[in-house]
Structures are given as structure tokens and as C-alpha cells.
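Visitor: What follows is the file final01.txt, containing compact mmCIF, C-alpha atoms:
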```
# COMPACT_ATOMS: atom_id res chain seq x y z
CA MET A 105 -45.02 -6.71 22.23
CA ARG A 106 -41.37 -6.90 23.33
CA LEU A 107 -40.93 -10.31 21.64
CA GLU A 108 -41.48 -8.57 18.30
CA THR A 109 -39.03 -5.76 18.95
CA LEU A 110 -36.25 -7.35 21.01
CA PRO A 111 -34.16 -10.53 20.60
CA ILE A 112 -35.36 -12.09 23.87
CA THR A 113 -36.97 -15.40 24.85
CA ALA A 114 -40.41 -16.14 26.30
CA HIS A 115 -38.64 -17.21 29.51
CA SER A 116 -37.61 -13.59 30.16
CA PHE A 117 -41.23 -12.87 31.19
CA GLU A 118 -41.37 -15.53 33.91
CA THR A 119 -40.08 -13.46 36.84
CA ASP A 120 -42.06 -10.25 36.19
CA TYR A 121 -45.36 -11.84 35.15
CA HIS A 122 -45.23 -15.15 37.08
CA ILE A 123 -45.98 -17.27 34.03
CA ASP A 124 -44.57 -20.48 32.61
CA GLY A 125 -42.08 -19.52 29.90
CA ASP A 126 -42.56 -22.69 27.87
CA GLU A 127 -46.35 -22.34 27.82
CA PHE A 128 -46.16 -18.67 26.92
CA GLY A 129 -43.64 -19.45 24.18
CA ARG A 130 -45.98 -21.99 22.63
CA ALA A 131 -48.95 -19.63 22.93
CA TYR A 132 -46.97 -16.83 21.27
CA LYS A 133 -45.88 -19.08 18.41
CA ASP A 134 -49.26 -20.74 17.74
CA HIS A 135 -51.78 -17.97 18.51
CA ILE A 136 -50.38 -14.51 19.33
CA SER A 137 -47.60 -13.89 16.82
CA GLY A 138 -49.43 -14.69 13.60
CA PHE A 139 -46.66 -17.11 12.62
CA ARG A 140 -49.11 -19.81 11.52
CA THR A 141 -50.79 -17.42 9.03
CA TRP A 142 -47.55 -15.72 7.92
CA GLU A 143 -47.71 -15.09 4.17
CA GLU A 144 -44.04 -15.98 3.73
CA LEU A 145 -44.25 -19.26 5.65
CA ASP A 146 -44.09 -21.60 2.63
CA HIS A 147 -40.75 -20.26 1.39
CA ALA A 148 -39.36 -18.65 4.56
CA ASP A 149 -36.50 -21.12 4.93
CA GLU A 150 -35.50 -20.59 1.27
CA TRP A 151 -35.79 -16.82 0.80
CA LEU A 152 -37.26 -13.70 2.34
CA ILE A 153 -37.20 -10.24 0.78
CA PHE A 154 -38.16 -6.81 2.14
CA PRO A 155 -37.96 -4.31 -0.75
CA GLU A 156 -39.20 -1.45 1.45
CA ASN A 157 -35.94 -1.61 3.45
CA ILE A 158 -33.63 -1.01 0.50
CA GLY A 159 -31.44 2.09 0.64
CA PRO A 160 -28.52 3.68 -1.22
CA HIS A 161 -25.87 1.94 0.92
CA VAL A 162 -26.05 -1.83 1.22
CA SER A 163 -23.96 -4.61 2.79
CA ILE A 164 -23.88 -8.28 1.84
CA ASP A 165 -22.49 -11.05 4.02
CA GLU A 166 -23.14 -14.63 5.05
CA THR A 167 -24.00 -16.11 8.43
CA CYS A 168 -24.49 -19.59 9.83
CA LEU A 169 -27.92 -19.99 11.43
CA SER A 170 -27.31 -23.58 12.53
CA ILE A 171 -24.78 -26.33 11.90
CA GLY A 172 -24.12 -26.42 8.17
CA GLU A 173 -26.94 -23.96 7.37
CA VAL A 174 -25.40 -20.85 5.80
CA TYR A 175 -27.57 -17.92 4.71
CA THR A 176 -26.74 -14.84 2.67
CA ILE A 177 -28.01 -11.63 4.26
CA ILE A 178 -28.35 -8.33 2.42
CA SER A 179 -28.81 -5.37 4.75
CA ASN A 180 -29.30 -1.60 4.68
CA LYS A 181 -26.19 0.05 6.14
CA ASP A 182 -28.09 3.21 7.09
CA ALA A 183 -30.28 1.22 9.51
CA HIS A 184 -27.15 0.39 11.57
CA GLY A 185 -28.24 -3.15 12.44
CA ARG A 186 -31.56 -2.04 13.91
CA ARG A 187 -35.18 -2.29 12.78
CA SER A 188 -35.69 -2.29 8.98
CA CYS A 189 -32.06 -3.23 8.31
CA ILE A 190 -32.68 -6.59 6.60
CA ILE A 191 -33.39 -6.36 2.86
CA ALA A 192 -33.16 -10.08 2.07
CA ILE A 193 -32.27 -13.44 3.62
CA VAL A 194 -31.51 -16.26 1.18
CA LYS A 195 -30.53 -19.83 1.95
CA GLY A 196 -27.02 -20.76 0.85
CA THR A 197 -24.29 -18.78 -0.85
CA LYS A 198 -24.77 -19.90 -4.45
CA ALA A 199 -24.86 -16.80 -6.63
CA LYS A 200 -27.69 -18.09 -8.85
CA ASP A 201 -30.00 -18.71 -5.87
CA VAL A 202 -29.37 -15.32 -4.29
CA ILE A 203 -29.69 -13.52 -7.62
CA LYS A 204 -33.01 -15.26 -8.31
CA ALA A 205 -34.40 -14.10 -4.96
CA LEU A 206 -33.09 -10.54 -5.22
CA LYS A 207 -34.49 -10.11 -8.72
CA LYS A 208 -37.95 -10.36 -7.17
CA ILE A 209 -37.25 -6.80 -6.00
CA ASP A 210 -38.22 -4.18 -8.57
CA LYS A 211 -35.30 -3.21 -10.80
CA SER A 212 -35.80 0.51 -10.17
CA LEU A 213 -35.26 -0.08 -6.44
CA ARG A 214 -32.17 -2.17 -7.07
CA LYS A 215 -30.75 0.49 -9.39
CA SER A 216 -31.15 3.06 -6.60
CA VAL A 217 -28.35 1.37 -4.64
CA VAL A 218 -25.17 3.44 -5.04
CA GLU A 219 -22.70 1.38 -2.98
CA VAL A 220 -22.39 -2.20 -1.74
CA THR A 221 -19.77 -3.35 0.76
CA LEU A 222 -18.68 -6.99 0.85
CA ASP A 223 -15.75 -9.31 1.50
CA PHE A 224 -13.41 -11.01 -1.00
CA SER A 225 -15.99 -13.65 -1.96
CA GLU A 226 -16.34 -14.03 -5.74
CA SER A 227 -19.93 -15.26 -5.41
CA MET A 228 -20.87 -12.12 -3.47
CA ARG A 229 -19.27 -10.02 -6.18
CA SER A 230 -21.27 -11.85 -8.86
CA ILE A 231 -24.48 -11.22 -6.91
CA VAL A 232 -23.78 -7.50 -6.64
CA LYS A 233 -22.87 -7.20 -10.33
CA ALA A 234 -26.09 -8.94 -11.37
CA CYS A 235 -28.54 -7.35 -8.93
CA PHE A 236 -27.14 -3.87 -8.24
CA PRO A 237 -25.67 -2.89 -11.63
CA ASP A 238 -25.22 0.80 -10.80
CA ALA A 239 -23.65 0.28 -7.38
CA MET A 240 -20.02 0.91 -6.54
CA ILE A 241 -18.40 -2.20 -5.02
CA THR A 242 -16.32 -1.55 -1.91
CA LEU A 243 -14.28 -4.32 -0.33
CA GLY A 244 -14.29 -4.11 3.46
CA ARG A 245 -10.91 -2.87 4.68
CA PHE A 246 -10.87 -5.19 7.67
CA HIS A 247 -10.83 -8.33 5.55
CA HIS A 248 -7.44 -7.71 3.91
CA GLN A 249 -6.08 -6.41 7.22
CA GLN A 250 -7.23 -9.68 8.80
CA PHE A 251 -5.42 -11.65 6.09
CA CYS A 252 -2.20 -9.80 6.95
CA LEU A 253 -2.67 -10.43 10.67
CA GLU A 254 -3.09 -14.14 9.96
CA ALA A 255 0.07 -14.16 7.83
CA LEU A 256 1.96 -12.34 10.60
CA GLN A 257 0.80 -14.86 13.19
CA GLU A 258 1.85 -17.68 10.88
CA VAL A 259 5.41 -16.28 10.81
CA ARG A 260 5.35 -16.20 14.62
CA ARG A 261 3.95 -19.75 14.86
CA GLU A 262 6.62 -21.11 12.52
CA HIS A 263 9.35 -19.63 14.72
CA ARG A 264 7.67 -21.02 17.83
CA CYS A 265 7.48 -24.54 16.35
CA GLU A 266 11.15 -24.34 15.35
CA GLN A 267 12.10 -23.09 18.82
CA MET A 268 10.14 -25.83 20.58
CA THR A 269 11.84 -28.44 18.37
CA ARG A 270 15.21 -26.88 19.17
CA ASP A 271 14.43 -26.91 22.91
CA ALA A 272 13.33 -30.55 22.73
CA ASN A 273 16.57 -31.51 20.95
CA GLU A 274 18.69 -29.62 23.48
CA ARG A 275 16.75 -31.24 26.35
CA GLU A 276 17.47 -34.69 24.89
CA GLU A 277 21.16 -33.81 24.40
CA HIS A 278 21.31 -32.68 28.04
CA ARG A 279 19.70 -35.96 29.20
CA LEU A 280 22.20 -38.02 27.19
CA LYS A 281 25.12 -35.92 28.47
CA MET A 282 24.05 -36.41 32.10
CA LYS A 283 23.65 -40.12 31.48
CA GLU A 284 27.16 -40.27 29.98
CA LEU A 285 28.65 -38.32 32.91
CA ALA A 286 26.96 -40.64 35.40
CA ARG A 287 28.29 -43.69 33.54
CA ASN A 288 31.85 -42.32 33.56
CA ASP A 289 31.49 -40.61 36.94
CA GLY A 290 32.45 -37.22 35.54
CA PRO A 291 34.03 -34.92 34.87
CA TRP A 292 31.30 -32.86 36.61
CA VAL A 293 32.39 -29.53 35.15
CA ASP A 294 31.38 -27.72 31.98
CA ASP A 295 33.65 -26.22 29.31
CA GLU A 296 34.08 -23.06 31.39
CA GLY A 297 35.05 -24.96 34.54
CA ASN A 298 31.74 -24.49 36.34
CA THR A 299 30.52 -27.38 38.48
CA ILE A 300 27.65 -29.48 37.11
CA ARG A 301 25.20 -30.86 39.64
CA ARG A 302 24.58 -34.59 39.33
CA ASN A 303 20.79 -34.11 39.19
CA ALA A 304 20.89 -30.91 37.10
CA ARG A 305 17.80 -30.35 34.96
CA TYR A 306 17.86 -28.83 31.51
CA CYS A 307 17.18 -25.07 31.65
CA PRO A 308 16.73 -23.21 28.37
CA GLU A 309 18.36 -19.82 28.01
CA ARG A 310 16.35 -16.94 29.46
CA LEU A 311 16.29 -13.50 27.90
CA GLU A 312 16.53 -10.20 29.77
CA ASN A 313 12.78 -10.15 30.53
CA ASP A 314 13.14 -13.61 32.15
CA GLU A 315 11.32 -15.42 29.32
CA THR A 316 12.66 -18.22 27.18
CA ARG A 317 12.46 -17.79 23.41
CA ALA A 318 9.52 -20.19 23.23
CA GLU A 319 7.69 -18.25 25.96
CA LEU A 320 8.51 -14.97 24.23
CA LEU A 321 6.97 -16.21 20.98
CA ALA A 322 3.87 -17.61 22.72
CA ARG A 323 3.23 -14.44 24.75
CA SER A 324 3.71 -12.10 21.78
CA ARG A 325 0.50 -13.15 20.03
CA GLY A 326 -1.62 -10.39 21.58
CA LEU A 327 0.79 -7.50 21.09
CA LEU A 328 1.20 -8.31 17.38
CA ILE A 329 -2.54 -7.76 16.89
CA MET A 330 -2.45 -4.35 18.55
CA SER A 331 -1.20 -0.98 17.40
CA PRO A 332 2.13 -0.06 19.11
CA ASP A 333 0.60 3.01 20.76
CA LYS A 334 -1.62 0.64 22.80
CA TRP A 335 1.21 -1.51 24.14
CA THR A 336 1.88 -1.58 27.87
CA ASP A 337 5.44 -1.12 29.18
CA THR A 338 5.77 -4.91 29.50
CA GLN A 339 4.60 -5.41 25.92
CA LYS A 340 6.99 -2.74 24.66
CA GLU A 341 9.91 -4.54 26.32
CA ARG A 342 8.73 -7.90 24.96
CA ALA A 343 8.28 -6.46 21.44
CA GLY A 344 11.78 -4.97 21.48
CA ILE A 345 13.32 -8.35 22.37
CA LEU A 346 11.07 -10.21 19.91
CA PHE A 347 12.00 -7.96 17.00
CA ARG A 348 15.70 -8.18 17.87
CA GLU A 349 15.66 -11.99 18.07
CA PHE A 350 13.37 -12.52 15.07
CA PRO A 351 13.83 -9.74 12.48
CA ASP A 352 11.38 -11.27 10.00
CA ILE A 353 8.57 -10.97 12.58
CA LYS A 354 9.47 -7.29 12.86
CA THR A 355 9.21 -6.90 9.07
CA ALA A 356 5.88 -8.78 8.94
CA PHE A 357 4.52 -6.64 11.78
CA SER A 358 5.70 -3.47 10.06
CA LEU A 359 3.90 -4.47 6.84
CA THR A 360 0.70 -5.30 8.73
CA HIS A 361 0.77 -2.08 10.72
CA SER A 362 1.58 0.07 7.69
CA LEU A 363 -1.44 -1.38 5.83
CA ARG A 364 -3.58 -0.46 8.83
CA MET A 365 -2.18 3.06 8.70
CA ILE A 366 -2.89 3.39 4.97
CA PHE A 367 -6.59 2.86 5.60
CA SER A 368 -6.57 5.02 8.72
CA GLN A 369 -5.47 8.11 6.81
CA ARG A 370 -8.02 10.48 5.33
CA CYS A 371 -7.02 10.93 1.74
CA THR A 372 -8.27 10.71 -1.83
CA LYS A 373 -8.56 7.50 -3.78
CA GLU A 374 -5.49 8.48 -5.85
CA GLN A 375 -3.39 9.12 -2.74
CA GLY A 376 -4.53 5.80 -1.32
CA ALA A 377 -3.45 4.07 -4.54
CA GLU A 378 0.02 5.63 -4.26
CA SER A 379 0.38 4.42 -0.66
CA LEU A 380 -0.78 0.96 -1.65
CA ARG A 381 1.79 0.72 -4.48
CA SER A 382 4.54 1.60 -2.01
CA TRP A 383 3.25 -1.17 0.26
CA TYR A 384 3.37 -3.69 -2.61
CA THR A 385 7.06 -2.82 -3.11
CA LYS A 386 7.85 -3.49 0.55
CA VAL A 387 6.00 -6.81 0.40
CA GLY A 388 8.06 -7.81 -2.64
CA GLU A 389 11.27 -6.98 -0.80
CA PHE A 390 10.18 -9.08 2.19
CA GLY A 391 9.66 -12.13 -0.04
CA ASN A 392 7.25 -13.98 2.25
CA LYS A 393 4.91 -16.30 0.31
CA ALA A 394 1.77 -15.53 2.34
CA PHE A 395 2.26 -11.77 2.11
CA ASN A 396 2.98 -12.03 -1.63
CA GLU A 397 -0.30 -13.89 -2.13
CA ILE A 398 -2.20 -11.25 -0.14
CA ALA A 399 -0.62 -8.45 -2.18
CA ALA A 400 -1.48 -10.27 -5.42
CA ALA A 401 -5.12 -10.72 -4.36
CA MET A 402 -5.35 -7.06 -3.38
CA TYR A 403 -3.76 -5.92 -6.65
CA ASP A 404 -6.30 -8.00 -8.58
CA ARG A 405 -9.18 -6.10 -6.95
CA GLU A 406 -7.39 -2.89 -6.17
CA ASP A 407 -10.05 -0.52 -7.51
CA GLU A 408 -12.72 -2.06 -5.30
CA ILE A 409 -10.39 -1.82 -2.30
CA LEU A 410 -9.60 1.82 -3.05
CA ASN A 411 -13.32 2.65 -3.23
CA TYR A 412 -13.06 2.67 0.57
CA PHE A 413 -11.53 6.15 0.33
CA VAL A 414 -14.64 7.51 -1.43
CA ASN A 415 -17.08 7.16 1.50
CA ARG A 416 -14.84 5.32 4.00
CA SER A 417 -17.42 2.52 4.03
CA THR A 418 -16.72 -0.83 5.66
CA ASN A 419 -18.66 -4.06 6.07
CA ALA A 420 -18.78 -3.55 9.84
CA SER A 421 -22.58 -3.11 9.90
CA ALA A 422 -23.04 -6.55 8.33
CA GLU A 423 -20.57 -8.12 10.78
CA SER A 424 -22.44 -6.44 13.65
CA LEU A 425 -25.77 -7.81 12.42
CA ASN A 426 -24.21 -11.28 12.14
CA ALA A 427 -23.03 -11.02 15.73
CA LYS A 428 -26.53 -10.04 16.90
CA ILE A 429 -28.08 -12.97 15.03
CA LYS A 430 -25.60 -15.43 16.54
CA GLN A 431 -26.15 -13.96 20.02
CA PHE A 432 -29.92 -14.36 19.57
CA ARG A 433 -29.40 -17.97 18.45
CA THR A 434 -27.27 -18.62 21.54
CA LEU A 435 -29.92 -17.06 23.79
CA LEU A 436 -32.45 -19.51 22.36
CA CYS A 437 -29.99 -22.39 23.01
CA GLY A 438 -30.05 -23.25 19.31
CA ILE A 439 -32.68 -23.27 16.60
CA VAL A 440 -35.48 -25.85 16.91
CA ASP A 441 -37.85 -24.44 14.28
CA LYS A 442 -35.86 -22.64 11.58
CA ARG A 443 -38.89 -20.97 10.01
CA PHE A 444 -40.06 -19.59 13.37
CA PHE A 445 -36.55 -18.31 14.07
CA LEU A 446 -36.55 -16.51 10.71
CA PHE A 447 -40.05 -15.18 11.47
CA ARG A 448 -38.82 -13.67 14.75
CA LEU A 449 -35.64 -12.41 13.10
CA THR A 450 -37.59 -10.53 10.45
CA LYS A 451 -40.03 -9.13 13.03
CA ILE A 452 -37.11 -7.65 14.95
CA TYR A 453 -34.73 -6.62 12.16
CA ALA A 454 -36.88 -6.36 9.00
```
Could I get this file's structure written as C-alpha cells?
Guide:
Amino acid sequence: MRLETLPITAHSFETDYHIDGDEFGRAYKDHISGFRTWEELDHADEWLIFPENIGPHVSIDETCLSIGEVYTIISNKDAHGRRSCIIAIVKGTKAKDVIKALKKIDKSLRKSVVEVTLDFSESMRSIVKACFPDAMITLGRFHHQQFCLEALQEVRREHRCEQMTRDANEREEHRLKMKELARNDGPWVDDEGNTIRRNARYCPERLENDETRAELLARSRGLLIMSPDKWTDTQKERAGILFREFPDIKTAFSLTHSLRMIFSQRCTKEQGAESLRSWYTKVGEFGNKAFNEIAAAMYDREDEILNYFVNRSTNASAESLNAKIKQFRTLLCGIVDKRFFLFRLTKIYA
């Protein structure tokens, strides 16, 4: 049945089969699916394990099934987010709870795992250390790149806030000046001898691409996320002006892009380490607090980060599975019965 293989709703059968979706949904849940006699029903909302799905390459991540309900999901990377990809689903993110559930899987199976990808979470790391003792831990490259992108955007936002404050102050100064001129009836000329209109509005300085500095900073958000080789001609012009007007944004962008390039190169773990040390030096020279904190966090777990260069593994499969789960939840317009949702989830992905 398609309901057991695809993340669809009972309402999707209404048009083709001329049935009432709500009635069919209830019939599927209570009689057809086997949900009511499911062996895992008693503990389904606490933990579910599928030892047969374990493989040498595993991902661990967390996802929010409903408001405030976070679950830890362990998945088989080799299944690529399809059938048989879910190894375990455990309520919460507490290491002790997840470890307790995973240790229900035979130790010989857990020791067969050779690599686990995860994010910077310490609890996830503790889980992997306890449950997959022989596995190499690889930190997903996109997480530290994301941290750098956030730090870069913070530099841009700070400049934008400062510029908006400056514009507001200049606008107020202009208003007071016009009020003073009106009170004294002139002189209606500026310092260069140009005539000032009596109803002249404040106009901030415009740059050569016809944007004010505040507009320039607001419209640069997208281009700072992208690689320069993907910029349009308009974005290239905007970036040139942005980097000229705000050199620290240029430095922050350069650091972010160079980190991206480090992980884009195909090299050995030792060569990656050398590139990373050079990046640390540049971060130190920049002196930005956020970037220094990112570099310190990366240095603390450098070996796990550099394990990326062994198999070039990322946590993308786990992120993809999370996206599919959230899309399924949206399609259902939320989760009414959590255990039934987990039942359907495991039918499709476990």
C-alpha cells in the first residue's frame, strides 16, 4: 500500500478512488495498518530501534516532531534517506536516554560502525563514544561553515545598525537646520553657495550604483552567502563597493570563503590540517571576537573536523532526512497522534 511506502495522506486517494479521506484515514489507522497491534506501541513515543538497518556509516542528528518535542534520530548514511535508513528514534537529546536505547542493539552490530557524522553537540559526541566505540567521529563540514556565515552576517548587521543610526541623526540635524533657516528666513544657500529649497527633504548620500550605504548593506546579505563565481554583474558591482566602504566585511567574507575552499579541495588529512592552521593565523590577525571563538571551537575538535578528508563524509544525509520528516509533518497539518506518526514514519523510512 502506498501509505506504507510514501509520505502521503489518506486524502490523496479521494480524487482517484472517490472515497472520503477522513473515513479512509480512520479505517487505515484502526484496521488496515496494524497500528493497534504494533509490538512497539507501548514505548513508541519513547524509543524505537531497528538493528537490521545498521551499517558501517552512520549519522546522528536531532529533529523537532512537534512544538517542544525533540527526538534524536540515528540513520544509515548508505540508505540515502530512503527505506531502511532509520536505525533508531529516541525521545529527547539527553545522552543517557539515547545511550540506554541504543545499547539494546547488540554490541557486535554497534562495533561494526566505522564512521559517525554529527554536529558540534557534546551530547551527540558522548552518545557516539558510548555506543559506537570503534567508530571514527566526523564533524559535518557545513556546521562550522554555517557558524562563519553567521559571524559574517553579524559584522554586516552591526554596520547596518550603525549606518541607520547615523542616517537618523543626520535626518534630525537636517530637520533642525531647516527649522532654523525658516525662523531666520535664510540664508538659503549651503556652504558651497548652492541654493537650498525651503521644503528640501533630507537625502542621504548615494553611491555609484545609486544605493545609499544602508541600502547597500541590506541588499548585500545574499551575495555574502554565495561563492564569488556565482555573483551576477550587479552583485559584483555591489560587492566591490561594499568591500571598499567596509573593509572588515571584506576580511570576514574572505575568511568565510577561504574556509569553504579548504573543505572543497581534495587533499589528505595532513594537508587539510596545514590549510586549517593557516586559516587560524588569518583569524587571529583579523581580531574579530566571533571568528576567534569559532576558530577556538574548531581547534578544540580539530581532529574530528579533519576526519572529513578521510571519506569526505558530511551530515547532509541526516539533514535531508530531517527535511523529509518536517515536510511530512507539514503535509499532515501537524501531529495529532504522535505514536501513529512514528508508526507511519518507521513504515516508510525504517
Visitor: Between CA of Glu349 in chain A and CA of Leu311 in chain A, what is the distance, to one decimal in Å?
Guide: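 Interatomic distance here is 10.0 Å.
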Visitor: For range 122-136 of chain A, work out the shell of residues within 10 Å, counting only C-alpha atoms and skipping chain neighbours fewer than 3 positions away, then give it as a tab-separated table (two decimals) with C-alpha atoms, keeping the file's coordinate frame.
Guide:
```tsv
chain	number	residue	atom	x	y	z
A	105	MET	CA	-45.02	-6.71	22.23
A	107	LEU	CA	-40.93	-10.31	21.64
A	113	THR	CA	-36.97	-15.40	24.85
A	114	ALA	CA	-40.41	-16.14	26.30
A	115	HIS	CA	-38.64	-17.21	29.51
A	116	SER	CA	-37.61	-13.59	30.16
A	117	PHE	CA	-41.23	-12.87	31.19
A	118	GLU	CA	-41.37	-15.53	33.91
A	119	THR	CA	-40.08	-13.46	36.84
A	139	PHE	CA	-46.66	-17.11	12.62
A	140	ARG	CA	-49.11	-19.81	11.52
A	141	THR	CA	-50.79	-17.42	9.03
A	444	PHE	CA	-40.06	-19.59	13.37
A	447	PHE	CA	-40.05	-15.18	11.47
A	448	ARG	CA	-38.82	-13.67	14.75
```
Visitor: Could you pull the residues within 8 Å of Arg325 in chain A, counting only C-alpha atoms, minus those fewer than 4 positions along the same chain, as a ChimeraX atom specification?
Guide: /A:257,260,321,329
Visitor: Do you know which residues are at most 12 Å from range 353-359 of chain A counting all atoms listed in the file, after dropping those on the same chain fewer than 3 positions away, and could you put them as number ranges by chain?
Guide: A: 249, 251-264, 321, 324-325, 327-332, 343-350, 362-366, 380, 382-396, 398-399
Visitor: Name the residues in contact with range 154-163 of chain A at a cut-off of 6 Å, using only C-alpha atoms, excluding same-chain residues fewer than 2 positions from it; report them as JSON, numbers by chain.
Guide: {"A": [178, 179, 180, 181, 188, 191, 192, 209, 217, 218, 219, 220, 221, 422]}
Visitor: Restricting it to C-alpha atoms, dump the selection as a PDB file, in the coordinates of the input.
Guide:
```pdb
ATOM      1  CA  ILE A 178     -28.350  -8.330   2.420  1.00  0.00           C
ATOM      2  CA  SER A 179     -28.810  -5.370   4.750  1.00  0.00           C
ATOM      3  CA  ASN A 180     -29.300  -1.600   4.680  1.00  0.00           C
ATOM      4  CA  LYS A 181     -26.190   0.050   6.140  1.00  0.00           C
ATOM      5  CA  SER A 188     -35.690  -2.290   8.980  1.00  0.00           C
ATOM      6  CA  ILE A 191     -33.390  -6.360   2.860  1.00  0.00           C
ATOM      7  CA  ALA A 192     -33.160 -10.080   2.070  1.00  0.00           C
ATOM      8  CA  ILE A 209     -37.250  -6.800  -6.000  1.00  0.00           C
ATOM      9  CA  VAL A 217     -28.350   1.370  -4.640  1.00  0.00           C
ATOM     10  CA  VAL A 218     -25.170   3.440  -5.040  1.00  0.00           C
ATOM     11  CA  GLU A 219     -22.700   1.380  -2.980  1.00  0.00           C
ATOM     12  CA  VAL A 220     -22.390  -2.200  -1.740  1.00  0.00           C
ATOM     13  CA  THR A 221     -19.770  -3.350   0.760  1.00  0.00           C
ATOM     14  CA  ALA A 422     -23.040  -6.550   8.330  1.00  0.00           C
TER      15      ALA A 422
END
```
Visitor: Of the candidates A:Leu152, A:Ser379, A:Ser170, A:Lys373, which one gets nearest to Cys437 in chain A if we count all atoms listed in the file?
Guide: A:Ser170
Visitor: Any idea what the distance is between CA of Leu425 in chain A and CA of Leu169 in chain A?
Guide: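 CA of Leu169 in chain A lies at a distance of 12.4 Å from CA of Leu425 in chain A.
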Visitor: With a distance cut-off of 9 Å and only C-alpha atoms, select the neighbouring residues of Phe413 in chain A, excluding the residue or stretch itself and same-chain residues fewer than 5 positions from it, and output the selection as a list in words.
Guide: Phe367, Arg370, Cys371, Thr372, Lys373, Glu374 and Gly376 of chain A
Visitor: Just the number, please: distance in Å from CA of Glu108 in chain A to CA of Gly138 in chain A, one decimal.
Guide: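 Atom-to-atom, CA of Glu108 in chain A and CA of Gly138 in chain A are spaced 11.1 Å apart.
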Visitor: Between A:Ile429, A:Val414, A:Leu446, A:Ala454, which one has atoms that come closest to Asp149 in chain A, using only C-alpha atoms?
Guide: A:Leu446
Visitor: For range 429-448 of chain A, what centre and edge lengths in Å (one decimal) does the axis-aligned box get once 5 Å is added on each side of all its listed atoms, as lines of an AutoDock Vina configuration file?
Guide:
```
center_x = -32.8
center_y = -19.4
center_z = 16.9
size_x = 24.5
size_y = 22.9
size_z = 23.8
```
Visitor: Every residue with an atom at most 12 Å from (-23.1, -4.4, 12.8) (file coordinates; only C-alpha atoms) is what I'm after, so could you write them as an MDAnalysis selection string?
Guide: chainID A and resid 163:165 179:186 189:190 418:430 453
Visitor: Take the residues just selected and output them with C-alpha atoms as a short mmCIF file (atom, residue, chain, number, x, y, z; two decimals), in the frame of the given file.
Guide:
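Okay, this is what ended up in selection.cif:
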```cif
data_model
loop_
_atom_site.label_atom_id
_atom_site.label_comp_id
_atom_site.auth_asym_id
_atom_site.auth_seq_id
_atom_site.Cartn_x
_atom_site.Cartn_y
_atom_site.Cartn_z
CA SER A 163 -23.96 -4.61 2.79
CA ILE A 164 -23.88 -8.28 1.84
CA ASP A 165 -22.49 -11.05 4.02
CA SER A 179 -28.81 -5.37 4.75
CA ASN A 180 -29.30 -1.60 4.68
CA LYS A 181 -26.19 0.05 6.14
CA ASP A 182 -28.09 3.21 7.09
CA ALA A 183 -30.28 1.22 9.51
CA HIS A 184 -27.15 0.39 11.57
CA GLY A 185 -28.24 -3.15 12.44
CA ARG A 186 -31.56 -2.04 13.91
CA CYS A 189 -32.06 -3.23 8.31
CA ILE A 190 -32.68 -6.59 6.60
CA THR A 418 -16.72 -0.83 5.66
CA ASN A 419 -18.66 -4.06 6.07
CA ALA A 420 -18.78 -3.55 9.84
CA SER A 421 -22.58 -3.11 9.90
CA ALA A 422 -23.04 -6.55 8.33
CA GLU A 423 -20.57 -8.12 10.78
CA SER A 424 -22.44 -6.44 13.65
CA LEU A 425 -25.77 -7.81 12.42
CA ASN A 426 -24.21 -11.28 12.14
CA ALA A 427 -23.03 -11.02 15.73
CA LYS A 428 -26.53 -10.04 16.90
CA ILE A 429 -28.08 -12.97 15.03
CA LYS A 430 -25.60 -15.43 16.54
CA TYR A 453 -34.73 -6.62 12.16
#
```
